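Chemist: File target_16.csv below, CSV, C-alpha atoms and all ligand atoms:
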chain,number,residue,atom,x,y,z
A,1,MET,CA,0.0,0.0,0.0
A,2,GLU,CA,2.8,2.4,1.0
A,3,LEU,CA,4.6,1.8,-2.3
A,4,ASN,CA,1.5,2.4,-4.3
A,5,VAL,CA,1.0,5.9,-2.9
A,6,ARG,CA,4.6,7.0,-3.5
A,7,GLU,CA,4.6,5.5,-6.9
A,8,THR,CA,1.3,7.2,-7.9
A,9,VAL,CA,2.5,10.6,-6.6
A,10,GLU,CA,5.9,10.4,-8.4
A,11,LYS,CA,4.2,9.6,-11.7
A,12,VAL,CA,1.9,12.5,-11.3
A,13,LYS,CA,4.6,15.0,-10.5
A,14,ALA,CA,6.3,14.3,-13.8
A,15,LYS,CA,3.0,14.5,-15.7
A,16,ILE,CA,2.1,17.9,-14.1
A,17,ALA,CA,5.5,19.3,-14.9
A,18,ALA,CA,5.0,18.3,-18.6
A,19,CYS,CA,1.5,19.8,-18.7
A,20,ARG,CA,1.1,22.4,-21.5
A,21,ASP,CA,-2.3,23.9,-20.9
A,22,GLU,CA,-5.1,24.5,-18.5
A,23,ASN,CA,-7.3,21.7,-19.9
A,24,GLU,CA,-4.6,19.0,-19.5
A,25,LEU,CA,-4.0,20.2,-15.9
A,26,ALA,CA,-7.7,19.9,-15.1
A,27,ARG,CA,-7.8,16.3,-16.6
A,28,ILE,CA,-4.8,15.3,-14.4
A,29,LYS,CA,-6.5,16.7,-11.3
A,30,ASN,CA,-9.6,14.8,-12.1
A,31,ASP,CA,-7.7,11.6,-12.7
A,32,LEU,CA,-6.1,11.9,-9.3
A,33,LEU,CA,-8.5,13.7,-7.0
A,34,GLY,CA,-11.9,13.3,-8.7
A,35,LYS,CA,-14.5,10.8,-7.5
A,36,MET,CA,-12.9,7.9,-9.5
A,37,GLY,CA,-9.4,9.4,-9.1
A,38,SER,CA,-6.5,7.1,-8.1
A,39,LEU,CA,-5.8,8.8,-4.8
A,40,THR,CA,-9.5,8.8,-3.9
A,41,GLN,CA,-9.6,5.0,-4.7
A,42,LEU,CA,-6.7,4.4,-2.4
A,43,LEU,CA,-8.5,6.2,0.4
A,44,LYS,CA,-11.4,3.8,-0.1
A,45,LEU,CA,-9.1,0.8,0.5
A,46,ILE,CA,-8.1,2.0,4.0
A,47,PRO,CA,-10.9,0.0,5.8
A,48,THR,CA,-9.5,-3.2,4.3
A,49,LEU,CA,-6.0,-2.6,6.0
A,50,PRO,CA,-5.0,-3.9,9.4
A,51,VAL,CA,-6.0,-1.4,12.1
A,52,GLU,CA,-2.5,-0.4,13.0
A,53,GLN,CA,-1.7,0.6,9.4
A,54,ARG,CA,-4.8,2.6,8.7
A,55,SER,CA,-3.8,5.9,10.3
A,56,VAL,CA,-0.3,5.8,8.8
A,57,VAL,CA,-1.5,5.2,5.3
A,58,GLY,CA,-4.4,7.6,5.7
A,59,LYS,CA,-2.0,10.4,6.7
A,60,GLU,CA,0.3,9.5,3.8
A,61,ILE,CA,-2.5,9.8,1.3
A,62,ASN,CA,-3.7,13.1,2.7
A,63,ILE,CA,-0.2,14.5,2.5
A,64,ALA,CA,0.1,13.2,-1.1
A,65,LYS,CA,-3.3,14.9,-2.0
A,66,SER,CA,-2.1,18.2,-0.6
A,67,GLN,CA,1.2,18.0,-2.4
A,68,VAL,CA,-0.5,17.2,-5.7
A,69,ALA,CA,-2.9,20.1,-5.3
A,70,ASP,CA,0.1,22.4,-4.6
A,71,TRP,CA,1.9,21.2,-7.7
A,72,ILE,CA,-1.1,21.7,-9.9
A,73,GLU,CA,-1.6,25.2,-8.6
A,74,ALA,CA,2.1,26.1,-9.1
A,75,ARG,CA,2.0,24.7,-12.7
A,76,ARG,CA,-1.2,26.7,-13.4
A,77,ASN,CA,0.5,29.9,-12.3
A,78,GLU,CA,3.6,29.0,-14.4
A,79,LEU,CA,1.4,28.4,-17.5
A,80,LEU,CA,-0.5,31.7,-16.9
A,81,TYR,CA,2.8,33.6,-16.7
A,82,LYS,CA,4.1,32.0,-19.9
A,83,LYS,CA,0.9,32.8,-21.7
A,84,THR,CA,1.7,36.6,-21.5
A,85,GLU,CA,5.1,36.1,-22.9
A,86,VAL,CA,5.7,37.6,-26.3
A,87,SER,CA,6.4,35.1,-29.0
A,88,GLU,CA,10.0,34.9,-30.2
A,89,ASP,CA,8.9,35.6,-33.7
A,90,PHE,CA,7.4,39.0,-32.7
A,91,ASP,CA,9.3,41.9,-34.2
A,92,CYS,CA,8.4,45.1,-32.5
A,93,THR,CA,10.2,47.2,-35.1
A,94,VAL,CA,7.8,46.1,-37.9
A,95,PRO,CA,5.2,48.9,-38.5
A,96,GLY,CA,1.7,47.9,-37.5
A,97,LEU,CA,-1.4,47.8,-39.9
A,98,PRO,CA,-3.5,50.9,-39.4
A,99,PRO,CA,-7.0,50.0,-38.2
A,100,PHE,CA,-9.9,50.5,-40.7
A,101,LYS,CA,-11.5,53.8,-40.1
A,102,GLY,CA,-14.9,54.7,-41.6
A,103,GLY,CA,-16.1,58.3,-42.2
A,104,LEU,CA,-19.1,60.4,-43.1
A,105,HIS,CA,-19.9,61.1,-46.7
A,106,PRO,CA,-18.8,64.7,-47.6
A,107,ILE,CA,-22.4,65.7,-48.3
A,108,THR,CA,-23.4,64.3,-44.8
A,109,GLN,CA,-20.6,66.3,-43.3
A,110,MET,CA,-21.8,69.5,-45.0
A,111,CYS,CA,-25.3,68.8,-43.9
A,112,TYR,CA,-24.3,68.4,-40.2
A,113,ASP,CA,-22.2,71.6,-40.4
A,114,LEU,CA,-25.2,73.5,-41.7
A,115,ASN,CA,-27.4,71.9,-39.0
A,116,ASP,CA,-25.0,73.1,-36.4
A,117,ALA,CA,-24.8,76.6,-37.9
A,118,PHE,CA,-28.6,76.9,-38.2
A,119,ARG,CA,-29.3,75.3,-34.8
A,120,SER,CA,-27.0,78.0,-33.2
A,121,MET,CA,-29.5,80.5,-34.7
A,122,GLY,CA,-32.5,78.8,-33.1
A,123,PHE,CA,-33.7,76.7,-36.1
A,124,GLU,CA,-35.4,73.4,-35.8
A,125,ILE,CA,-34.3,70.4,-37.9
A,126,TYR,CA,-37.2,68.9,-39.8
A,127,GLN,CA,-37.4,65.6,-41.7
A,128,GLU,CA,-40.0,64.0,-44.1
A,129,ASP,CA,-40.6,61.1,-46.4
A,130,ASP,CA,-38.9,60.9,-49.8
A,131,VAL,CA,-42.4,60.1,-51.4
A,132,THR,CA,-44.8,63.0,-51.9
A,133,SER,CA,-47.9,63.7,-54.0
A,134,GLU,CA,-48.9,65.9,-56.8
A,135,LEU,CA,-50.8,67.9,-54.3
A,136,TYR,CA,-47.8,68.8,-52.1
A,137,GLY,CA,-45.2,68.5,-54.9
A,138,PHE,CA,-46.9,71.1,-57.2
A,139,ASP,CA,-50.5,72.2,-56.5
A,140,LYS,CA,-49.9,73.8,-53.1
A,141,LEU,CA,-46.7,75.4,-54.4
A,142,ASN,CA,-48.4,77.5,-57.0
A,143,PHE,CA,-47.2,75.5,-60.0
A,144,PRO,CA,-49.5,76.2,-62.9
A,145,PRO,CA,-51.2,73.1,-64.3
A,146,ASN,CA,-49.1,73.2,-67.5
A,147,HIS,CA,-45.7,73.8,-65.7
A,148,PRO,CA,-43.1,71.6,-67.5
A,149,ALA,CA,-41.8,70.3,-64.1
A,150,ARG,CA,-45.0,68.3,-63.8
A,151,GLU,CA,-44.2,66.3,-66.9
A,152,SER,CA,-42.7,62.8,-66.4
A,153,MET,CA,-39.5,63.9,-68.0
A,154,ASP,CA,-38.6,65.7,-64.7
A,155,THR,CA,-40.5,63.8,-62.0
A,156,TYR,CA,-40.3,60.2,-61.1
A,157,TRP,CA,-44.0,59.3,-60.8
A,158,LEU,CA,-45.0,56.1,-58.9
A,159,GLU,CA,-47.4,53.4,-60.2
A,160,GLY,CA,-51.0,54.6,-60.3
A,161,HIS,CA,-50.1,58.3,-60.6
A,162,ASP,CA,-52.5,58.6,-63.6
A,163,LYS,CA,-55.7,58.2,-61.6
A,164,GLY,CA,-57.2,59.4,-58.4
A,165,THR,CA,-57.0,62.8,-56.7
A,166,ALA,CA,-53.9,65.0,-56.6
A,167,ALA,CA,-53.3,63.7,-53.1
A,168,GLU,CA,-53.3,60.1,-54.4
A,169,LYS,CA,-50.9,60.7,-57.3
A,170,LEU,CA,-47.5,59.8,-55.8
A,171,CYS,CA,-44.0,60.6,-56.9
A,172,LEU,CA,-40.5,60.8,-55.5
A,173,ARG,CA,-40.1,64.4,-54.2
A,174,PRO,CA,-38.6,66.6,-56.9
A,175,HIS,CA,-37.8,69.2,-54.3
A,176,LEU,CA,-38.3,69.7,-50.6
A,177,THR,CA,-40.7,72.6,-50.6
A,178,GLY,CA,-43.9,70.5,-50.5
A,179,GLY,CA,-42.8,69.1,-47.2
A,180,SER,CA,-42.3,72.6,-45.9
A,181,VAL,CA,-46.0,73.3,-46.7
A,182,ARG,CA,-46.9,70.3,-44.5
A,183,TYR,CA,-44.8,71.8,-41.7
A,184,LEU,CA,-46.6,75.1,-42.1
A,185,GLN,CA,-50.0,73.3,-41.9
A,186,THR,CA,-49.1,71.6,-38.7
A,187,HIS,CA,-47.2,74.3,-36.8
A,188,LYS,CA,-48.2,77.7,-35.5
A,189,PRO,CA,-46.0,80.6,-36.6
A,190,PRO,CA,-43.7,82.3,-35.8
A,191,PHE,CA,-41.2,79.5,-36.5
A,192,ARG,CA,-37.9,78.8,-38.3
A,193,PHE,CA,-36.8,75.4,-39.4
A,194,VAL,CA,-34.4,73.7,-41.8
A,195,TYR,CA,-35.3,70.7,-43.9
A,196,PRO,CA,-32.4,68.6,-45.4
A,197,GLY,CA,-32.8,65.6,-47.7
A,198,PRO,CA,-32.4,64.0,-51.1
A,199,VAL,CA,-34.6,64.9,-54.1
A,200,TYR,CA,-35.1,63.1,-57.4
A,201,ARG,CA,-35.4,64.2,-61.0
A,202,ASN,CA,-35.3,62.3,-64.2
A,203,GLU,CA,-32.5,64.3,-65.7
A,204,THR,CA,-29.6,63.5,-68.0
A,205,THR,CA,-26.6,63.5,-65.9
A,206,ASP,CA,-23.5,65.6,-66.5
A,207,ALA,CA,-20.7,67.2,-64.4
A,208,ARG,CA,-23.2,69.6,-62.8
A,209,HIS,CA,-26.5,67.5,-62.7
A,210,GLU,CA,-27.5,64.2,-61.1
A,211,ARG,CA,-30.7,62.2,-60.9
A,212,ALA,CA,-30.7,62.3,-57.1
A,213,PHE,CA,-29.1,65.2,-55.2
A,214,PHE,CA,-29.4,66.9,-51.9
A,215,GLN,CA,-31.2,70.0,-51.0
A,216,TYR,CA,-31.2,71.9,-47.8
A,217,GLU,CA,-34.2,74.1,-47.3
A,218,ALA,CA,-34.5,76.9,-44.6
A,219,LEU,CA,-37.7,78.7,-43.9
A,220,ILE,CA,-38.7,81.5,-41.5
A,221,VAL,CA,-42.3,82.5,-41.1
A,222,ASP,CA,-43.0,85.6,-39.0
A,223,LYS,CA,-45.0,88.8,-39.0
A,224,GLU,CA,-42.0,90.7,-40.1
A,225,PHE,CA,-38.8,89.6,-41.7
A,226,THR,CA,-36.6,91.7,-44.1
A,227,PHE,CA,-34.4,90.6,-47.0
A,228,SER,CA,-31.5,92.4,-45.5
A,229,ALA,CA,-31.8,90.3,-42.3
A,230,GLY,CA,-32.0,87.2,-44.5
A,231,LYS,CA,-28.8,88.2,-46.4
A,232,VAL,CA,-26.9,88.7,-43.2
A,233,MET,CA,-28.1,85.3,-41.9
A,234,ILE,CA,-27.0,83.5,-45.1
A,235,LYS,CA,-23.6,85.3,-45.1
A,236,SER,CA,-23.1,84.3,-41.4
A,237,ILE,CA,-24.1,80.7,-42.1
A,238,LEU,CA,-21.8,80.3,-45.2
A,239,SER,CA,-18.9,82.0,-43.4
A,240,LYS,CA,-19.4,79.7,-40.4
A,241,VAL,CA,-19.5,76.6,-42.6
A,242,PHE,CA,-16.5,77.6,-44.8
A,243,GLY,CA,-14.5,79.0,-41.9
A,244,ARG,CA,-13.8,82.3,-43.6
A,245,ASP,CA,-15.6,85.4,-44.8
A,246,VAL,CA,-17.8,84.5,-47.8
A,247,PRO,CA,-19.0,87.3,-50.1
A,248,VAL,CA,-22.7,87.0,-50.9
A,249,ARG,CA,-25.0,88.7,-53.4
A,250,MET,CA,-28.7,88.5,-54.2
A,251,ARG,CA,-30.3,89.0,-57.6
A,252,ALA,CA,-33.8,88.8,-58.8
A,253,GLY,CA,-35.1,85.3,-59.9
A,254,PHE,CA,-38.4,83.6,-60.6
A,255,PHE,CA,-39.8,80.6,-58.8
A,256,PRO,CA,-43.5,79.8,-58.7
A,257,PHE,CA,-43.6,79.4,-54.9
A,258,VAL,CA,-41.9,82.7,-53.9
A,259,GLU,CA,-42.8,86.4,-54.5
A,260,PRO,CA,-40.5,88.2,-54.8
A,261,GLY,CA,-37.9,85.6,-55.6
A,262,PHE,CA,-34.1,85.8,-55.9
A,263,GLU,CA,-30.9,83.8,-56.5
A,264,ILE,CA,-28.2,83.9,-53.9
A,265,ASP,CA,-24.6,83.7,-55.3
A,266,MET,CA,-21.5,83.3,-53.2
A,267,GLY,CA,-18.1,84.5,-54.2
A,268,CYS,CA,-16.0,81.7,-55.8
A,269,LEU,CA,-13.7,80.4,-53.1
A,270,VAL,CA,-11.6,78.5,-55.6
A,271,CYS,CA,-10.3,81.7,-57.4
A,272,GLY,CA,-11.2,84.3,-54.7
A,273,GLY,CA,-13.5,86.1,-57.2
A,274,LYS,CA,-10.9,86.6,-60.0
A,275,GLY,CA,-12.6,84.0,-62.3
A,276,CYS,CA,-11.8,80.4,-63.0
A,277,SER,CA,-13.3,77.3,-64.7
A,278,VAL,CA,-15.4,76.3,-61.6
A,279,CYS,CA,-17.2,79.7,-61.6
A,280,LYS,CA,-17.2,79.9,-65.4
A,281,HIS,CA,-14.9,83.0,-65.1
A,282,VAL,CA,-17.5,85.3,-63.4
A,283,GLY,CA,-16.2,85.0,-59.8
A,284,TRP,CA,-19.6,84.0,-58.5
A,285,ILE,CA,-21.4,80.7,-58.0
A,286,GLU,CA,-25.1,80.3,-57.8
A,287,VAL,CA,-25.8,78.3,-54.6
A,288,MET,CA,-29.4,78.8,-53.7
A,289,PRO,CA,-32.7,80.2,-54.8
A,290,GLY,CA,-35.0,81.9,-52.3
A,291,GLY,CA,-37.5,84.6,-51.6
A,292,THR,CA,-40.6,85.4,-49.6
A,293,PRO,CA,-43.1,82.5,-49.6
A,294,HIS,CA,-45.8,83.2,-52.3
A,295,PRO,CA,-49.1,84.4,-50.8
A,296,ASN,CA,-50.8,81.4,-52.5
A,297,VAL,CA,-48.3,79.0,-50.7
A,298,LEU,CA,-49.1,80.7,-47.3
A,299,ARG,CA,-52.8,80.4,-48.1
A,300,ALA,CA,-52.4,76.7,-49.0
A,301,ALA,CA,-50.9,76.3,-45.6
A,302,GLY,CA,-53.8,78.0,-43.9
A,303,LEU,CA,-52.0,81.3,-43.2
A,304,ASP,CA,-53.1,84.8,-44.0
A,305,PRO,CA,-50.5,86.4,-46.3
A,306,ASP,CA,-51.5,89.9,-45.1
A,307,GLU,CA,-50.5,88.9,-41.6
A,308,TYR,CA,-47.5,86.7,-42.2
A,309,THR,CA,-44.4,87.0,-44.4
A,310,GLY,CA,-41.2,85.0,-44.3
A,311,PHE,CA,-37.8,84.1,-45.8
A,312,TYR,CA,-37.0,81.0,-47.7
A,313,VAL,CA,-33.8,79.6,-49.2
A,314,ASN,CA,-33.1,76.2,-50.8
A,315,ILE,CA,-29.4,75.4,-50.7
A,316,GLY,CA,-27.9,72.9,-53.2
A,317,LEU,CA,-25.8,70.8,-50.8
A,318,ASP,CA,-23.9,69.0,-53.6
A,319,ARG,CA,-22.8,72.3,-55.1
A,320,LEU,CA,-21.8,73.7,-51.8
A,321,VAL,CA,-19.6,70.6,-51.1
A,322,MET,CA,-18.1,71.0,-54.6
A,323,MET,CA,-17.1,74.5,-53.6
A,324,ARG,CA,-15.7,73.4,-50.3
A,325,TYR,CA,-13.3,70.8,-51.8
A,326,GLY,CA,-12.9,72.1,-55.4
A,327,VAL,CA,-14.7,68.9,-56.8
A,328,ASN,CA,-15.5,69.4,-60.5
A,329,ASP,CA,-18.0,66.6,-61.1
A,330,VAL,CA,-21.1,66.1,-59.0
A,331,ARG,CA,-21.5,62.5,-60.2
A,332,LEU,CA,-18.4,61.5,-58.1
A,333,PHE,CA,-20.5,62.0,-54.9
A,334,HIS,CA,-22.9,59.2,-55.8
A,335,SER,CA,-20.3,56.9,-57.5
A,336,ALA,CA,-19.6,54.8,-54.4
A,337,ASP,CA,-16.0,55.0,-55.5
A,338,LEU,CA,-14.0,54.6,-52.3
A,339,ARG,CA,-10.8,56.0,-53.9
A,340,PHE,CA,-12.7,59.3,-54.1
A,341,LEU,CA,-14.7,59.1,-50.9
A,342,ASN,CA,-11.8,58.0,-48.6
A,343,GLN,CA,-10.2,61.4,-49.2
A,344,PHE,CA,-12.9,63.0,-47.0
A,345,CYS,CA,-12.6,60.6,-44.0
A,401,ZN,ZN,-13.8,80.9,-59.5
Show me the file's structure as structure tokens.
Ligand SMILES: [Zn+2]
Modeler:
Amino acid sequence: MELNVRETVEKVKAKIAACRDENELARIKNDLLGKMGSLTQLLKLIPTLPVEQRSVVGKEINIAKSQVADWIEARRNELLYKKTEVSEDFDCTVPGLPPFKGGLHPITQMCYDLNDAFRSMGFEIYQEDDVTSELYGFDKLNFPPNHPARESMDTYWLEGHDKGTAAEKLCLRPHLTGGSVRYLQTHKPPFRFVYPGPVYRNETTDARHERAFFQYEALIVDKEFTFSAGKVMIKSILSKVFGRDVPVRMRAGFFPFVEPGFEIDMGCLVCGGKGCSVCKHVGWIEVMPGGTPHPNVLRAAGLDPDEYTGFYVNIGLDRLVMMRYGVNDVRLFHSADLRFLNQFC
């Protein structure tokens, strides 16, 4: 019996020393100290021994158990320590791989910058669905029935657009202004809000035109608001977004939903106003139409045009981003070409 205990313990000591991982160690522990383990089995044999040997052997087995438990613990700590050691193959002088870093699309970045600038002036950010109806896309915006923009060559009409009422004739929104009418109908003036989003037109694409592009509409409705205040506001917003003084000019323009209407041009930032290919050598870039909401539009929204006036602009986001980075082809923004887009991350 004595020999068996010593023999078992010696065998185990070598096994534990050769152990290479935690699982192997757990297996050895179970083989020895588990319910069917060899040391546990030896303990069960004690009652079969002569009385005078029982306590001696029992003591010996208990000492062996405690020894084995210590060895296992020591080996476990050793393995843990080794685990943190750096492999011999590791060369700390080799440059690491840069982690993949995503980024926002340049149009989204511009949209967020404008949101920040307008929010600092107390504007609310408004969002709406991309699908609108003939009622909100045209009728309530004072578009005459024969206006060319109503034709399918400009607007993406959805299935079933040829029957039903104007509210049932659905299309992808060709501009944001219809959504603004819905805002006017559901809010009580005075208010100021901006409304960013994509719009869709069935156009032939070229360097300055795309089938889908982003607009950024801003509208103030109040009992009094002057053009000069609007011009200062636009100049402040553009200067904030571009981080430098941006010259701004307004000139008369016609749009069915405003009266009077105007075009806002900003000084070309590529050439500083001297003239270049981006600004077609005039030193100015047309960035947004605007004006006072047409009395018919205010009426369509349930407001009295004798009581309320306002200020409206619709910023072409794509064109603004082209100015910011000197991009000469709007189609690049929607190309999903990562070689182009990664430059803005
Ligand atoms: Zn220029």
Chemist: When you count only C-alpha atoms, which of these residues is closest to Leu303 (chain A): A:Leu97, A:Val221, A:Val131, A:Ile72?
Modeler: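 Nearest to Leu303 (chain A): A:Val221.
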Chemist: Write out as a list in words each polymer residue whose atoms come within 7 Å of Asp222 (chain A), counting all atoms listed in the file; drop sequence neighbours fewer than 5 positions from it.
Modeler: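 Returned residues: Pro189, Pro190, Phe191, Tyr308, Thr309 and Gly310 of chain A.
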Chemist: So that I can check the surroundings of Phe118 (chain A), please list as a ChimeraX atom specification every protein, DNA and RNA residue that reaches within 9 Å of it, counting all atoms listed in the file and ignoring chain neighbours fewer than 4 positions away.
Modeler: /A:113-114,122-125,193-194,218,237
Chemist: Please provide as a list in words all residues within 12 Å of Ala167 (chain A), with the sequence filter that same-chain residues fewer than 6 positions apart are discarded (counting all atoms listed in the file).
Modeler: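 Listing them by chain and then by number gives Val131, Thr132, Ser133, Glu134, Leu135, Tyr136, Gly137, Phe138, Asp139, Lys140, Gly160, His161 and Gly178 of chain A.
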Chemist: Report as a ChimeraX atom specification all protein, DNA and RNA residues lying within 12 Å of Leu43 (chain A), evaluated on all atoms listed in the file, omitting residues in the same chain fewer than 5 positions from it.
Modeler: /A:1-2,4-5,32-33,35-38,48-49,54-65
Chemist: Could you give me, as a list in words, every polymer residue with an atom at most 9 Å away from an atom of ligand ZN 401 (chain A), counting only C-alpha atoms and all ligand atoms?
Modeler: Gly267, Cys268, Leu269, Val270, Cys271, Gly272, Gly273, Lys274, Gly275, Cys276, Ser277, Val278, Cys279, Lys280, His281, Val282, Gly283, Trp284 and Ile285 of chain A
Chemist: What does the distance between CA of Arg249 (chain A) and CA of Asp318 (chain A) come to in Å, to one decimal place?
Modeler: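 Separation of CA of Arg249 (chain A) and CA of Asp318 (chain A): 19.7 Å.
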Chemist: Which of these, A:Asp154, A:Glu24, A:Asp265, A:Asp304, has the shortest distance to Arg75 (chain A) once you count all atoms listed in the file?
Modeler: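 Distance minimum relative to Arg75 (chain A) lands on A:Glu24.
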Chemist: Give me the residues within 10 Å of Tyr183 (chain A) as a list in words, counting only C-alpha atoms and dropping any in the same chain fewer than 2 places off.
Modeler: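 Counting only C-alpha atoms, the residues come to Tyr126, Gln127, Glu128, Thr177, Gly178, Gly179, Ser180, Val181, Gln185, Thr186, His187, Lys188, Phe191, Phe193, Tyr195 and Ala301 of chain A.
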Chemist: Could you check how far CA of Arg182 (chain A) sits from CA of Val321 (chain A), in Å to one decimal?
Modeler: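 CA of Val321 (chain A) lies at a distance of 28.1 Å from CA of Arg182 (chain A).
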